[in-house]
Each structure stands twice: as C-alpha cells, then as structure tokens.
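Only one structure is covered here, and it is reproduced in the block below.
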Amino acid sequence: MNYIEFYYQISKRYQNLRGQRILAKSNQVITYAFYVFYPILLIYMLITKHPKLLVTIIVPAISVVLVSLIRKWIGRPRPFEIYPIHALLTKDSKRDAMPSRHIFSATIIAMMFFHVSGILACMLLVVALLEGYIRVVGGVHYPSDVIVGYLLGVLFGLFTL
C-alpha cells in the first residue's frame with residue numbers, strides 16, 4: 001500500500017468538517033494539557049522539595065534543544081509537502097517532520113511524572129500515543145516521525161529515573 005492509500009484509509013472518517021474539528025480540537029486540548037501538567041509537576045516537586053526537581057527541569061530542556069537540532073539536520077518534509085493529500089491539521093513549518101517534537105515533548109513530560117506517580121505517568125504516555133495518532137491522521141507526520149519522537153522521549157526520560 002502506498003502512502004496516499006494509507007493516509008486515505010486512516011483519515012477518511014475525519015475528512016468531513018465535523019471530523020476535522022474534532023481532530024483539531026483534540027490536538028489542541030492534548031497539546032495544552034501537557035504544557036499545563038508540566039509546570040504543575042514542577043511546582044509540586046518544588047513544594048515537596050523533591051530531590052529530582054533539577055533533573056526534571058534540565059533533562060527535558062536540553063533534550064528538546066537536541067531534538068530540534070536533529071530535526072533541522074534531517075530536514076524531512078511533512079507528508080502534505082510530498083503527497084497530494086489534504087492535511088487535516090494546519091502546520092506552517094516545513095521540512096521539520098522527523099522526529100515529531102510534539103510527541104517527543106509529550107512523552108518526555110509523561111516520563112517526568114514517574115518521579116511522583118507511575119500510574120499518572122503511564123496514563124500520560126498513553127495520551128502521548130493518542131497525540132501521535134492524531135498527528136499522523138492529521139497529515140502533519142509520518143508514523144515513523146511519531147515513533148522516533150516517542151522513543152526519544154522515553155529514552156531521554158529514562159536518564160532521569
């Protein structure tokens with residue numbers, strides 16, 4: 001199966017206006033949720049004087065920079081740049097698809113939650129996978145972009161445990 005057929009199969013239920021709105025809103029809510037949860041985690045760790053607070057700040061910060069540099073170096077075009085597909089999510093940046101920084105960020109934030117709650121961390125890792133699905137169905141990432149972003153998030157997160 002070629003990519004155009006693959007994309008059509010996974011996105012066909014979202015091609016209508018209602019489906020596009022659901023996909024876009026889900027993407028937005030999940031993205032914002034991670035960016036709200038992370039400061040809450042840091043505040044909690046600060047208040048409780050958690051010994052891993054500093055590493056929970058430094059490792060994600062350094063790793064986001066490294067992932068951004070990797071993206072620039074690879075320069076992989078997004079699916080909508082290569083194929084005649086209708087991307088359901090809007091994305092202004094181009095040639096920065098691999099690895100997915102969205103998924104990397106969500107995953108490393110989820111990994112940081114292992115310092116305070118394994119259950120919450122696992123739940124957030126599942127939500128990061130859902131975000132990956134949304135990004136692929138939305139036409140802004142290939143599955144491999146999402147998989148590599150997720151695995152890098154887990155790998156960098158393991159450095160803090």
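Letters A, B, ... mark the chains of the structure tokens in the order given; residue numbers begin at 1 per chain; ligand numbers begin at 1, in order shown.
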
### Shell of 12 Å around Ile82 in chain A, only C-alpha atoms, local chain residues under 6 positions omitted, as a PyMOL selection string
chain A and resi 3-4+76+94-95+97+139-142

Output the selection as a compact mmCIF listing (two decimals), in the first residue's frame - N, CA and C atoms for each residue.
# COMPACT_ATOMS: atom_id res chain seq x y z
N TYR A 3 1.63 5.45 0.39
CA TYR A 3 1.30 6.37 1.47
C TYR A 3 -0.04 7.06 1.24
N ILE A 4 -0.35 7.41 0.03
CA ILE A 4 -1.62 8.10 -0.25
C ILE A 4 -2.80 7.20 0.14
N ARG A 76 13.44 16.44 7.12
CA ARG A 76 12.45 15.61 6.43
C ARG A 76 11.18 16.41 6.15
N LYS A 94 7.80 23.68 7.71
CA LYS A 94 8.01 22.63 6.72
C LYS A 94 9.41 22.05 6.90
N ARG A 95 9.57 20.85 6.40
CA ARG A 95 10.86 20.15 6.40
C ARG A 95 11.39 19.92 7.83
N ALA A 97 9.80 17.38 10.01
CA ALA A 97 8.87 16.35 10.47
C ALA A 97 9.51 15.30 11.36
N GLY A 139 -2.16 14.42 9.05
CA GLY A 139 -1.35 14.62 7.85
C GLY A 139 -0.09 15.44 8.04
N VAL A 140 0.30 15.71 9.30
CA VAL A 140 1.49 16.53 9.52
C VAL A 140 2.72 15.69 9.90
N HIS A 141 2.52 14.39 10.11
CA HIS A 141 3.64 13.49 10.41
C HIS A 141 3.42 12.13 9.80
N TYR A 142 4.52 11.47 9.47
CA TYR A 142 4.51 10.06 9.11
C TYR A 142 4.51 9.25 10.41

#### Entry: Selected residue, from A:Gly138, A:Pro60, A:Gly75, A:Gly153, that lies nearest to Lys12 in chain A when counting only C-alpha atoms
A:Gly138

### Task
Write out as an NGL selection string each polymer residue whose atoms come within 9 Å of Asp145 in chain A, counting only C-alpha atoms; drop sequence neighbours fewer than 5 positions from it.
:A and (97-101 or 103 or 132 or 136 or 150)

May I have the residues from that selection written out with N, CA and C atoms, as a PDB file, in the first residue's frame?
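Writing done, so here's out.pdb:
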ATOM      1  N   ALA A  97       9.805  17.384  10.013  1.00  0.00           N
ATOM      2  CA  ALA A  97       8.871  16.354  10.467  1.00  0.00           C
ATOM      3  C   ALA A  97       9.506  15.298  11.361  1.00  0.00           C
ATOM      4  N   MET A  98      10.782  14.991  11.159  1.00  0.00           N
ATOM      5  CA  MET A  98      11.427  13.860  11.835  1.00  0.00           C
ATOM      6  C   MET A  98      12.474  14.329  12.812  1.00  0.00           C
ATOM      7  N   PRO A  99      12.384  13.945  14.069  1.00  0.00           N
ATOM      8  CA  PRO A  99      11.267  13.295  14.758  1.00  0.00           C
ATOM      9  C   PRO A  99      10.211  14.310  15.167  1.00  0.00           C
ATOM     10  N   SER A 100       9.050  13.816  15.522  1.00  0.00           N
ATOM     11  CA  SER A 100       7.974  14.709  15.950  1.00  0.00           C
ATOM     12  C   SER A 100       8.329  15.332  17.300  1.00  0.00           C
ATOM     13  N   ARG A 101       8.487  16.632  17.314  1.00  0.00           N
ATOM     14  CA  ARG A 101       8.805  17.327  18.568  1.00  0.00           C
ATOM     15  C   ARG A 101       7.581  17.394  19.475  1.00  0.00           C
ATOM     16  N   ILE A 103       5.354  15.009  19.846  1.00  0.00           N
ATOM     17  CA  ILE A 103       5.271  13.717  20.530  1.00  0.00           C
ATOM     18  C   ILE A 103       6.448  13.547  21.474  1.00  0.00           C
ATOM     19  N   GLY A 132       0.086  11.146  19.033  1.00  0.00           N
ATOM     20  CA  GLY A 132       0.807  10.678  17.849  1.00  0.00           C
ATOM     21  C   GLY A 132      -0.143  10.237  16.752  1.00  0.00           C
ATOM     22  N   VAL A 136      -0.551  11.898  12.916  1.00  0.00           N
ATOM     23  CA  VAL A 136      -0.452  11.123  11.671  1.00  0.00           C
ATOM     24  C   VAL A 136      -1.742  11.268  10.874  1.00  0.00           C
ATOM     25  N   TYR A 150       8.504   9.501  20.018  1.00  0.00           N
ATOM     26  CA  TYR A 150       8.070   8.815  21.238  1.00  0.00           C
ATOM     27  C   TYR A 150       9.240   8.064  21.882  1.00  0.00           C
TER      28      TYR A 150
END

Proximity of range 25-90 of chain A to range 118-122 of chain A: per-residue shortest pair, 12 Å limit, only C-alpha atoms, as CSV:
residue,atom,partner,partner_atom,distance
A:Phe34,CA,A:Ala121,CA,11.5
A:Phe37,CA,A:Leu120,CA,10.7
A:Tyr38,CA,A:Ala121,CA,11.4
A:Leu41,CA,A:Ala121,CA,11.1

### Task
Skip Thr56 in chain A itself and residues of its chain fewer than 5 positions away, then list as a ChimeraX atom specification all residues within 12 Å of it, counting only C-alpha atoms.
/A:38-39,41-46,50-51,61-63,108-116,156-161

### Task
Rank nothing, just name the residue among A:Lys52, A:Gly19, A:Asp96, A:Ala87 nearest to Trp73 in chain A, using only C-alpha atoms.
A:Asp96

### Query
Closest to Val36 in chain A among A:Ala106, A:Met123, A:Val154, A:Ile147, using only C-alpha atoms?
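Using only C-alpha atoms, Val36 in chain A sits closest to A:Ala106.
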